[in-house]
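Step one of this worksheet: look at the structure below.
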Amino acid sequence: MDWGRAKNVLILAFLLLNVVLGYQLWSNIREGLSTSAEADDLSPETLRIMEEKGIRLADNIYIPAETPELQDLTYRLKTKLGDNERHVLKQPVEGKIIFNEKQLIEGLGAVIPDIDQYVYDGTTSDDKKFVFYRMEQLRPMFDVKLELYYEDQKIIAYRQDVIELVPSDKAIENPVLSATIAMAPLIEKFLAPGAVIKEIKLGYHGQTFAKSDTQVSAPSWRVLLEDGNVYYIHAVSGEVVTEEELVS
Amino acid sequence: MERVKTGVLIVLVVLSLMQSYLLAYSMPGLGATLSTPQDYVNTALMGAEEKVENLIFPEDLVLHMGEGKHTLLYPAMNFYDRIYERIRGREFKGFQRSSIRAVDWKEVRDRDQGVELRFGRGVPVELLSKVIKLEGDLLFLSDVIDRIWIFNKRESNEVRTFFFSADSSTVYESVRADLTAQDIETYVGFGEFQTLYTPLEDELYIPQGPLQSVEAVVGYKSYSAEQMQGNLFFDPAVTRAISNRSGSQIYTDGKRGLQVDQNGKWISYTDPVARQELEDNIGDNVYASIAFINQHGGWDGMHRFIYPGPMDSSQTQIIRYQQYYGNYPIVPKEPFLYGDMRLRLQQGAVSEYERSLLTLQSKAETKAVKWLPGGEMLEKALASYIRRGETTALYPALIAVHLEDNRIRFQPAWVVRLTDGSQEMLLPALAGSEKPMPGEPGGGPIVNPDKKDNGASAETFEEVGANGAALPKSVSTGGSKAAVTVGDGGEEPLLD
């Protein structure tokens, strides 16, 4: 046997193997880095149903491709969720500062507690108020809001949910479903014909218990429709929930 | 040269191993997801299972004996069961729709022999057809029935069967029902020795004499909240307990919630489900609710389906199952929560489920005979009742009072149902176990032999119903014999 030729063959074989593995690795890394998925990433079945029901995605929609590992959050309410009172600012401040975090903290940090924890959300804000969500690990908690009311380009009042996170030993990190997978059952079963999906975003949402100070939020995809309807999809189990609160 | 080749080969082998490792273990997309460690999920059934046939039955049967005499039978009474069983064995076909005004019902009530099955707030025909053999058109099948009246027309001796729509303007006559005049006579014969009832304007019936009932103290066992939690949540490993302000527990997995109230005796489970693009159907909702209860907690004793009415504004229906003890429905004394299960449903999905965790012991600890007042006393109480205008039904029930040492006392009482479906106690049972004599409060009327009124005609009776004050004297229809029959207790209520 010619050991030299055998080595040549082996080198060639391993070279090919390395090229294949390398390509696979490279494409995986690229997929992991890219943060946007395309509408085409939805399954053909879902796309067919979308066409049938006339459901479409808004033109400039951004579909996240990330699938991070997240855990449930437990938090304690300091100011009660929802029916918190509206505080009128003694000194109205310029409205445009909301777009600059530094200016915002300078302008309102002394008045509004934890303001540095809240981040502006353009899609749910309207012409009367700016909506901010409390952030946790760079993701919004959809049930914990800060609303800044403005008139004549001045912020005149605010409402805020103030919370305190409670460390939980039971929390397990779970990889979330990708947006395109989570959206499939929503599109197929829940959305009305003609619905337009405006935004899909990963954050935290949970059932709110009026009788309790402690609440639990689970990783959820929030889907906003053009007509204002909101759906939450549990990002681990894929179950679909509506906005309305049932617990009285 | 060979050394270089060997080196290259080694490098390539190592590189391919490394890349394989990276691909298999660290890169997203290919990563094998670890399943969460699960506790042992207890799927064991907690209570008995139930079928729709056993949950739909009339709230009461009214026997019209002719000559203005009426009596009522309540569920699980011997005669009730016998009549209802026979009617269930019959077939009703060929339904014809007509207006409720086509027949003079007052005349039928007081003159013709007949039996009336009253379903309280109503039953959708779709579900009724699972209990009684029906064959009708779609219009009929999609309606809701609150009464079935079968009577024997006096002059022609012909049996007619009417199903009353809950809209109180439509009736459906079954022109091909296989009931005979003999059947009706047999049914009515069962009422012969029962307490007589006087009808009021709005189809409430007042017994002329006292009604026997039983006060019982019954022990109970309770499921633990943990058992219920294990049963309701898919993955107990990710479910956590948080406590509310009053110190009781709430379990949640972020989506579903289970609130435990009343010191672990009552639970409210909530699972916010989104509306789907599906038709809503009461039949599907009822089946879904029964299946849900069968799987999550089961049934403790006899329950009756309560029709929720048409869809409310939130497009959901609250289906209730009222629990019975013996012959009578259970009404809890506030603030105790007991006596029914409530489920909010839409499109066959349960979004709310409220129930008690208690299960009654099969044998009562103590039992005592009690008498529910009849006659003038009840009539006066009803007439002066502040929400008389909203009253849609009057029936004997058991007020559940929670006692110490895991026991419940069931106190007999007259209860009214209001238009919104809520139940309120009107009059408690008389104190002591002595049967009130005619003339005593709550007893039957005194028969005055001088003022015999043999007429017993329909006209006299209507006057009586409208004018409560005249009751004690003119009610003595049929002469002194009535005094014997009236308030004789009739059929003994079930003691267990």
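Chain labels run A, B, ... following the order of the structure tokens; each chain numbers its residues from 1, and ligands are numbered from 1 in the order shown.
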* **8 Å contacts from chain A to chain B using only C-alpha atoms, as a ChimeraX atom specification** => /A:4,7-8,10-11,14-15,17-18,21-22,24-25,28-29,32,72,170-172,175,189-192,205-207,211-218,231,234,240-242,244-247
* To do: For Met46 in chain B, please output as JSON, numbers by chain all residues within 12 Å (counting only C-alpha atoms; exclusion window: fewer than 3 positions along the same chain).
  => {"B": [42, 43, 49, 221, 222, 223, 224, 227, 228, 230, 231, 232, 293, 294, 295, 296, 297, 298, 299, 300, 357, 358, 359]}
* Among listed residues A:Val230, A:Ile197, A:Ile155, A:Val166, nearest Ile97 in chain A (using only C-alpha atoms) -> A:Ile155
* **All alpha helix (DSSP H) residues (DSSP, backbone) inside range 129-205 of chain A, as an NGL selection string** => :A and (179-185)
